[in-house]
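Shown below: my_file_21.csv, with CSV, C-alpha atoms and all ligand atoms.
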```csv
chain,number,residue,atom,x,y,z
A,5,MET,CA,0.0,0.0,0.0
A,6,PHE,CA,1.2,3.5,-0.7
A,7,PHE,CA,-0.3,7.0,-0.3
A,8,ARG,CA,0.6,10.6,-1.0
A,9,LYS,CA,1.3,13.1,1.8
A,10,LYS,CA,2.5,16.7,1.9
A,11,ASN,CA,5.7,17.4,3.9
A,12,PRO,CA,6.1,20.7,5.9
A,13,LYS,CA,7.6,22.3,2.8
A,14,ASN,CA,4.2,21.6,1.0
A,15,GLU,CA,5.9,19.0,-1.3
A,16,ILE,CA,4.2,15.8,-2.2
A,17,GLU,CA,5.8,12.7,-0.8
A,18,ILE,CA,4.9,9.1,-1.5
A,19,VAL,CA,4.8,7.1,1.7
A,20,VAL,CA,4.9,3.3,1.3
A,21,GLU,CA,3.3,1.3,4.1
A,22,PRO,CA,4.7,-2.2,4.9
A,23,VAL,CA,2.5,-4.8,3.3
A,24,GLU,CA,1.4,-7.6,5.7
A,25,PRO,CA,2.5,-10.9,4.1
A,26,PHE,CA,-0.3,-13.2,3.0
A,27,ASN,CA,-1.1,-15.8,5.6
A,28,VAL,CA,-1.9,-19.2,4.2
A,29,TYR,CA,-3.5,-20.5,7.4
A,30,GLY,CA,-7.1,-21.7,6.8
A,31,PHE,CA,-6.8,-23.0,3.2
A,32,SER,CA,-8.2,-26.4,4.1
A,33,ASP,CA,-11.2,-24.8,5.8
A,34,VAL,CA,-12.0,-23.0,2.5
A,35,LEU,CA,-11.8,-26.2,0.6
A,36,HIS,CA,-14.0,-28.0,3.1
A,37,PHE,CA,-16.5,-25.1,2.9
A,38,ILE,CA,-16.7,-25.5,-0.9
A,39,LYS,CA,-17.1,-29.2,-0.7
A,40,ARG,CA,-19.8,-29.0,1.9
A,41,GLU,CA,-21.8,-26.3,0.0
A,42,ILE,CA,-21.6,-27.6,-3.6
A,43,GLY,CA,-19.9,-31.0,-3.5
A,44,VAL,CA,-16.9,-30.0,-5.6
A,45,ASP,CA,-13.8,-31.7,-4.0
A,46,LEU,CA,-10.8,-29.5,-4.7
A,47,PHE,CA,-8.4,-31.5,-2.3
A,48,PRO,CA,-6.9,-33.6,-5.1
A,49,LYS,CA,-6.1,-30.3,-7.0
A,50,LYS,CA,-5.2,-28.3,-4.0
A,51,TYR,CA,-1.7,-27.2,-5.2
A,52,ILE,CA,-3.1,-26.0,-8.5
A,53,ILE,CA,-6.1,-24.2,-7.0
A,54,GLU,CA,-4.2,-22.6,-4.1
A,55,THR,CA,-2.6,-19.8,-6.2
A,56,ARG,CA,-5.9,-19.0,-7.8
A,57,ILE,CA,-7.7,-18.7,-4.5
A,58,LYS,CA,-4.8,-16.7,-3.1
A,59,VAL,CA,-5.1,-14.2,-6.0
A,60,PHE,CA,-8.9,-14.1,-5.4
A,61,CYS,CA,-8.2,-13.3,-1.7
A,62,GLU,CA,-5.9,-10.5,-2.6
A,63,GLU,CA,-8.2,-9.0,-5.2
A,64,ASN,CA,-11.0,-9.0,-2.6
A,65,GLY,CA,-9.0,-7.5,0.2
A,66,PHE,CA,-8.4,-10.7,2.4
A,67,ASN,CA,-4.8,-11.1,3.5
A,68,SER,CA,-5.3,-14.7,4.7
A,69,PHE,CA,-7.4,-17.8,3.7
A,70,LYS,CA,-8.8,-17.6,7.3
A,71,LYS,CA,-10.3,-14.1,6.6
A,72,LEU,CA,-11.9,-15.4,3.4
A,73,PHE,CA,-13.3,-18.4,5.3
A,74,ASP,CA,-14.8,-16.2,8.0
A,75,GLU,CA,-16.4,-13.9,5.3
A,76,LEU,CA,-17.8,-17.0,3.5
A,77,GLN,CA,-20.0,-17.7,6.5
A,78,TYR,CA,-22.3,-14.7,5.9
A,79,ASN,CA,-21.3,-12.9,2.6
A,80,ASN,CA,-23.2,-14.6,-0.2
A,81,ASP,CA,-21.7,-12.4,-2.9
A,82,ILE,CA,-18.2,-13.5,-2.0
A,83,LYS,CA,-19.4,-17.1,-1.8
A,84,GLN,CA,-20.9,-16.9,-5.3
A,85,LYS,CA,-17.8,-15.3,-6.7
A,86,LEU,CA,-15.6,-18.0,-5.3
A,87,ILE,CA,-18.0,-20.7,-6.6
A,88,ASN,CA,-17.8,-19.1,-10.1
A,89,LEU,CA,-14.0,-19.1,-9.8
A,90,VAL,CA,-13.6,-22.8,-8.9
A,91,THR,CA,-16.3,-24.5,-11.0
A,92,VAL,CA,-15.2,-25.8,-14.5
A,93,ASN,CA,-17.8,-24.9,-17.1
A,94,GLU,CA,-16.3,-26.7,-20.1
A,95,THR,CA,-19.0,-27.9,-22.6
A,96,TYR,CA,-19.8,-27.7,-26.3
A,97,PHE,CA,-22.7,-28.4,-28.7
A,98,TYR,CA,-23.3,-32.1,-29.7
A,99,ARG,CA,-21.0,-33.4,-26.9
A,100,GLU,CA,-21.1,-37.2,-26.5
A,101,LEU,CA,-23.8,-37.4,-29.3
A,102,PRO,CA,-24.7,-41.1,-29.3
A,103,GLN,CA,-26.0,-40.8,-25.8
A,104,LEU,CA,-28.1,-37.8,-26.7
A,105,LEU,CA,-29.5,-39.6,-29.7
A,106,GLU,CA,-30.4,-42.6,-27.5
A,107,ALA,CA,-32.3,-40.2,-25.2
A,108,VAL,CA,-34.2,-38.7,-28.2
A,109,GLU,CA,-35.3,-42.3,-29.0
A,110,PHE,CA,-36.5,-42.7,-25.4
A,111,ALA,CA,-38.3,-39.3,-25.5
A,112,LYS,CA,-40.4,-40.7,-28.4
A,113,THR,CA,-41.7,-43.4,-26.2
A,114,ARG,CA,-43.1,-41.0,-23.6
A,115,GLU,CA,-46.6,-39.9,-23.5
A,116,SER,CA,-47.6,-36.3,-23.3
A,117,THR,CA,-45.1,-33.5,-22.6
A,118,VAL,CA,-41.5,-34.7,-22.1
A,119,ASN,CA,-39.8,-33.0,-19.3
A,120,ILE,CA,-36.0,-32.9,-19.4
A,121,ILE,CA,-33.4,-31.4,-17.1
A,122,CYS,CA,-29.7,-30.8,-17.6
A,123,ALA,CA,-28.2,-30.6,-14.1
A,124,PRO,CA,-25.7,-29.1,-14.7
A,125,CYS,CA,-26.0,-27.2,-18.0
A,126,ALA,CA,-22.9,-24.9,-17.6
A,127,THR,CA,-23.2,-22.3,-20.4
A,128,GLY,CA,-26.2,-24.0,-22.0
A,129,GLU,CA,-24.8,-25.8,-25.1
A,130,GLU,CA,-26.2,-29.2,-23.9
A,131,VAL,CA,-29.7,-27.8,-23.5
A,132,TYR,CA,-29.8,-26.1,-26.9
A,133,THR,CA,-28.3,-29.3,-28.4
A,134,ILE,CA,-31.1,-31.5,-27.1
A,135,SER,CA,-33.7,-29.1,-28.2
A,136,MET,CA,-32.2,-29.1,-31.7
A,137,LEU,CA,-32.0,-32.9,-31.9
A,138,LEU,CA,-35.7,-33.1,-30.9
A,139,LYS,CA,-36.6,-30.5,-33.6
A,140,GLU,CA,-34.5,-32.3,-36.2
A,141,ASP,CA,-36.1,-35.7,-35.6
A,142,LYS,CA,-39.2,-35.9,-37.9
A,143,ASN,CA,-40.6,-38.8,-35.9
A,144,PHE,CA,-40.7,-36.9,-32.6
A,145,HIS,CA,-44.2,-35.3,-32.2
A,146,ASN,CA,-44.5,-34.8,-28.4
A,147,ASN,CA,-44.3,-31.4,-26.7
A,148,TYR,CA,-41.2,-31.0,-24.6
A,149,GLU,CA,-39.7,-28.7,-22.0
A,150,ILE,CA,-36.0,-28.5,-21.1
A,151,LYS,CA,-34.6,-26.9,-18.0
A,152,GLY,CA,-31.0,-26.1,-17.6
A,153,ILE,CA,-29.6,-25.5,-14.1
A,154,ASP,CA,-26.1,-24.7,-12.8
A,155,ILE,CA,-24.5,-23.4,-9.7
A,156,ASN,CA,-22.4,-20.9,-11.6
A,157,THR,CA,-24.2,-17.6,-12.1
A,158,GLU,CA,-21.9,-16.4,-14.9
A,159,ALA,CA,-22.5,-19.7,-16.8
A,160,ILE,CA,-26.3,-19.3,-16.4
A,161,THR,CA,-26.1,-15.7,-17.7
A,162,LYS,CA,-24.2,-16.9,-20.8
A,163,ALA,CA,-26.7,-19.7,-21.3
A,164,GLN,CA,-29.6,-17.2,-21.2
A,165,GLN,CA,-27.8,-14.9,-23.7
A,166,GLY,CA,-27.0,-17.9,-26.0
A,167,ILE,CA,-24.0,-16.3,-27.7
A,168,TYR,CA,-21.2,-18.7,-28.6
A,169,THR,CA,-17.8,-18.8,-30.3
A,170,GLU,CA,-17.0,-21.0,-33.4
A,171,ARG,CA,-15.2,-23.3,-31.0
A,172,SER,CA,-18.4,-24.2,-29.1
A,173,LEU,CA,-20.1,-25.1,-32.4
A,174,HIS,CA,-17.2,-27.1,-33.9
A,175,LYS,CA,-19.3,-30.3,-34.2
A,176,LEU,CA,-22.2,-28.6,-36.0
A,177,THR,CA,-22.8,-28.8,-39.8
A,178,PRO,CA,-23.1,-25.5,-41.7
A,179,GLU,CA,-26.8,-26.3,-42.2
A,180,LEU,CA,-27.4,-26.5,-38.4
A,181,LYS,CA,-25.4,-23.3,-37.8
A,182,ASN,CA,-27.5,-21.5,-40.4
A,183,ARG,CA,-30.8,-22.8,-39.1
A,184,TYR,CA,-30.4,-22.2,-35.4
A,185,PHE,CA,-28.0,-19.3,-35.1
A,186,ILE,CA,-27.5,-15.7,-36.1
A,187,HIS,CA,-23.9,-15.2,-37.2
A,188,GLU,CA,-22.6,-11.7,-36.2
A,189,ASN,CA,-19.2,-10.3,-35.5
A,190,ASN,CA,-17.6,-13.8,-35.4
A,191,MET,CA,-20.1,-14.9,-32.8
A,192,TYR,CA,-23.1,-17.2,-33.1
A,193,LYS,CA,-26.3,-16.2,-31.3
A,194,VAL,CA,-29.0,-18.8,-30.9
A,195,ASP,CA,-32.2,-17.9,-32.7
A,196,GLN,CA,-34.5,-17.7,-29.6
A,197,SER,CA,-37.6,-18.2,-31.7
A,198,TYR,CA,-36.6,-22.0,-31.9
A,199,PHE,CA,-36.1,-22.3,-28.2
A,200,GLN,CA,-39.2,-21.0,-26.4
A,201,ASN,CA,-39.5,-24.2,-24.4
A,202,VAL,CA,-36.0,-23.9,-22.9
A,203,LYS,CA,-35.4,-22.3,-19.5
A,204,PHE,CA,-32.2,-21.7,-17.4
A,205,MET,CA,-32.0,-21.2,-13.6
A,206,GLN,CA,-29.1,-20.9,-11.1
A,207,VAL,CA,-29.6,-23.8,-8.7
A,208,ASN,CA,-27.3,-25.9,-6.5
A,209,ILE,CA,-28.4,-29.5,-6.8
A,210,PHE,CA,-27.8,-29.9,-3.0
A,211,GLU,CA,-30.2,-27.1,-2.0
A,212,ASN,CA,-33.9,-27.7,-1.2
A,213,ARG,CA,-34.8,-25.5,-4.2
A,214,PHE,CA,-33.6,-28.2,-6.6
A,215,GLY,CA,-36.5,-30.4,-5.5
A,216,ASP,CA,-38.9,-27.6,-6.6
A,217,CYS,CA,-37.6,-27.7,-10.2
A,218,GLY,CA,-40.3,-30.3,-11.1
A,219,LYS,CA,-40.4,-34.0,-12.1
A,220,PHE,CA,-38.5,-35.2,-15.1
A,221,ASP,CA,-38.7,-38.0,-17.7
A,222,ILE,CA,-35.0,-37.5,-18.5
A,223,ILE,CA,-32.2,-36.2,-16.3
A,224,PHE,CA,-28.9,-35.4,-17.9
A,225,SER,CA,-26.1,-35.0,-15.4
A,226,ARG,CA,-23.0,-35.2,-17.5
A,227,ASN,CA,-19.5,-34.3,-16.3
A,228,MET,CA,-20.3,-33.0,-12.9
A,229,LEU,CA,-20.0,-36.1,-10.6
A,230,ILE,CA,-16.3,-36.3,-11.7
A,231,TYR,CA,-15.7,-33.3,-9.5
A,232,PHE,CA,-17.3,-34.9,-6.4
A,233,ASP,CA,-16.1,-37.6,-4.0
A,234,GLU,CA,-18.0,-40.8,-3.5
A,235,GLU,CA,-20.2,-39.5,-0.7
A,236,PHE,CA,-21.4,-36.5,-2.8
A,237,ARG,CA,-21.8,-38.6,-5.9
A,238,LEU,CA,-24.2,-40.8,-4.0
A,239,ASN,CA,-25.9,-37.7,-2.5
A,240,ALA,CA,-26.4,-36.3,-6.0
A,241,MET,CA,-27.9,-39.6,-7.2
A,242,LYS,CA,-30.4,-39.4,-4.3
A,243,ARG,CA,-31.4,-35.9,-5.5
A,244,PHE,CA,-31.9,-37.2,-9.0
A,245,HIS,CA,-34.0,-40.1,-7.6
A,246,GLU,CA,-36.4,-37.6,-6.0
A,247,ILE,CA,-37.1,-35.7,-9.2
A,248,LEU,CA,-37.2,-38.6,-11.7
A,249,LYS,CA,-40.6,-39.6,-12.9
A,250,PRO,CA,-41.5,-43.3,-12.8
A,251,GLY,CA,-40.1,-45.0,-15.9
A,252,GLY,CA,-37.7,-42.1,-16.4
A,253,ARG,CA,-34.0,-42.2,-17.2
A,254,VAL,CA,-30.8,-40.6,-15.9
A,255,TYR,CA,-27.9,-40.1,-18.3
A,256,LEU,CA,-24.5,-39.4,-16.9
A,257,GLY,CA,-21.2,-38.6,-18.6
A,258,HIS,CA,-18.8,-41.4,-19.6
A,259,ALA,CA,-16.4,-40.5,-16.7
A,260,ASP,CA,-19.1,-40.1,-14.0
A,261,ILE,CA,-18.8,-43.1,-11.7
A,262,VAL,CA,-21.8,-44.0,-9.5
A,263,PRO,CA,-21.1,-45.6,-6.2
A,264,GLU,CA,-22.9,-48.9,-5.2
A,265,ASN,CA,-26.4,-48.1,-4.3
A,266,ASN,CA,-29.9,-49.6,-4.2
A,267,LEU,CA,-31.7,-46.7,-5.8
A,268,PHE,CA,-31.0,-47.3,-9.5
A,269,ASP,CA,-30.5,-50.1,-12.1
A,270,LYS,CA,-27.8,-49.5,-14.7
A,271,HIS,CA,-28.5,-50.3,-18.4
A,272,GLY,CA,-25.8,-50.4,-21.1
A,273,PHE,CA,-26.2,-49.5,-24.7
A,274,GLY,CA,-23.2,-49.3,-27.1
A,275,SER,CA,-20.4,-47.8,-25.1
A,276,SER,CA,-22.8,-45.8,-23.0
A,277,CYS,CA,-25.4,-46.4,-20.3
A,278,TYR,CA,-28.4,-44.9,-18.4
A,279,TYR,CA,-30.0,-45.4,-15.0
A,280,THR,CA,-33.6,-46.2,-14.1
A,281,LYS,CA,-35.3,-46.2,-10.7
A,282,ARG,CA,-35.2,-49.6,-8.9
B,301,LIG,C1,-18.0,-29.6,-17.0
B,301,LIG,S1,-19.5,-28.8,-16.7
B,301,LIG,C2,-20.6,-29.9,-17.5
B,301,LIG,C3,-21.6,-29.3,-18.5
B,301,LIG,C4,-22.4,-30.2,-19.4
B,301,LIG,N1,-23.3,-31.1,-18.6
B,301,LIG,C5,-21.5,-31.1,-20.3
B,301,LIG,O1,-21.3,-32.2,-20.0
B,301,LIG,O2,-21.0,-30.6,-21.3
B,301,LIG,C6,-19.8,-29.1,-15.0
B,301,LIG,C7,-20.7,-28.1,-14.3
B,301,LIG,O3,-21.2,-28.5,-13.1
B,301,LIG,C8,-21.5,-27.4,-12.3
B,301,LIG,N2,-21.7,-27.7,-10.9
B,301,LIG,C9,-20.8,-28.1,-10.0
B,301,LIG,N3,-21.3,-28.4,-8.8
B,301,LIG,C10,-22.7,-28.1,-8.9
B,301,LIG,C11,-23.8,-28.2,-8.0
B,301,LIG,N4,-23.6,-28.5,-6.7
B,301,LIG,N5,-25.0,-27.8,-8.5
B,301,LIG,C12,-25.2,-27.4,-9.8
B,301,LIG,N6,-24.2,-27.3,-10.7
B,301,LIG,C13,-22.9,-27.7,-10.3
B,301,LIG,C14,-20.4,-26.4,-12.6
B,301,LIG,O4,-20.7,-25.1,-12.3
B,301,LIG,C15,-20.1,-26.7,-14.1
B,301,LIG,O5,-20.8,-25.7,-14.9
```
Exercise: express the given structure as structure tokens:
Amino acid sequence: MFFRKKNPKNEIEIVVEPVEPFNVYGFSDVLHFIKREIGVDLFPKKYIIETRIKVFCEENGFNSFKKLFDELQYNNDIKQKLINLVTVNETYFYRELPQLLEAVEFAKTRESTVNIICAPCATGEEVYTISMLLKEDKNFHNNYEIKGIDINTEAITKAQQGIYTERSLHKLTPELKNRYFIHENNMYKVDQSYFQNVKFMQVNIFENRFGDCGKFDIIFSRNMLIYFDEEFRLNAMKRFHEILKPGGRVYLGHADIVPENNLFDKHGFGSSCYYTKR
């Protein structure tokens, strides 16, 4: 820290105050807090994440991890900013396509409106993709609604805006890009007129509010459980069990491993699988 001061001769002097060194005490408490709140287990990556959280502390005026931890107990803005920092929102259109196509086939077998949730949806590509696949399938005649939820507020804002780079769309054909997107200034904006039955909300799957999202025929939860330890992966599956309609299906990502449980049966197809309620 430095400040300007006038000396007795009315000259401006720069006075430098000694900076208190950053105190690393309390780092584990911060990681425990994150895990307890959102399930994300940062302990295996603690050496990588430590520097990022330290920079976060300095930018927000905390000179120790302990001070950040104390603030997290009551300051929801700081809590959300930290969650936004530590969650990985990597996703793209048409990711793990065979599984999505299988879900579309299943959607055709459901009667009345098909309710689908992507928990998590990150920046929305998965939600728009499923909607596009249902629209492109000439044999799908049901109504449908798709909800995308994620803990990260910045990701949800991006999902609602629906503006993407070429990189997010790298799996799409030129025809799909032309039909569903408006191409402007090197960016692709989804044509919202096609996506009236798509909704995004910021929700933590471990909070009570998640249970109020509704009941679903299809739950996609791809590439989130990989960030949880076994206990939280099981807790997440319990949450999905609560919101899955009878006869509905849960689709996870290829790397998402489900601990032994008596809630679901696993069914394989090709190199992929889905889960139904036992
Ligand atoms: C890698 S993205 C997966 C996105 C998409 N499903 C896919 O596979 O392409 C993982 C997302 O999980 C979200 N997430 C982590 N913990 C969460 C929680 N407790 N509740 C809701 N979302 C969470 C993160 O914010 C992140 O956007």
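Atom to atom, atom CA of Glu130 of chain A and atom CA of Glu188 of chain A stand 21.7 Å apart.
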Within 9 Å of ligand LIG 301 (chain B) (all atoms listed in the file), residues as a ChimeraX atom specification
/A:39,41-44,87-88,90-100,122-131,153-157,159-160,206-211,214,224-232,240,256-257
Could you give me, as a PyMOL selection string, the residues within 10 Å of Phe144 of chain A, counting all atoms listed in the file and dropping anything in the same chain fewer than 5 positions from it?
chain A and resi 108-109+111-113+137-139
Return the single residue from A:Pro48, A:Gly152, A:Pro178, A:Gly65 that is closest to Val202 of chain A, with distances computed using only C-alpha atoms.
A:Gly152
Shortest contact to Asn266 of chain A, candidates A:Asn143, A:Asn11, A:Thr280, A:Thr133, atoms counted only C-alpha atoms, goes to A:Thr280
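We find atom CA of Ser276 of chain A and atom CA of Arg243 of chain A to be spaced 21.9 Å apart.
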Spatial neighbours of Gln103 of chain A, 8 Å, only C-alpha atoms, chain gap at least 2 places, as a PyMOL selection string
chain A and resi 100-101+105-107+255+276-277
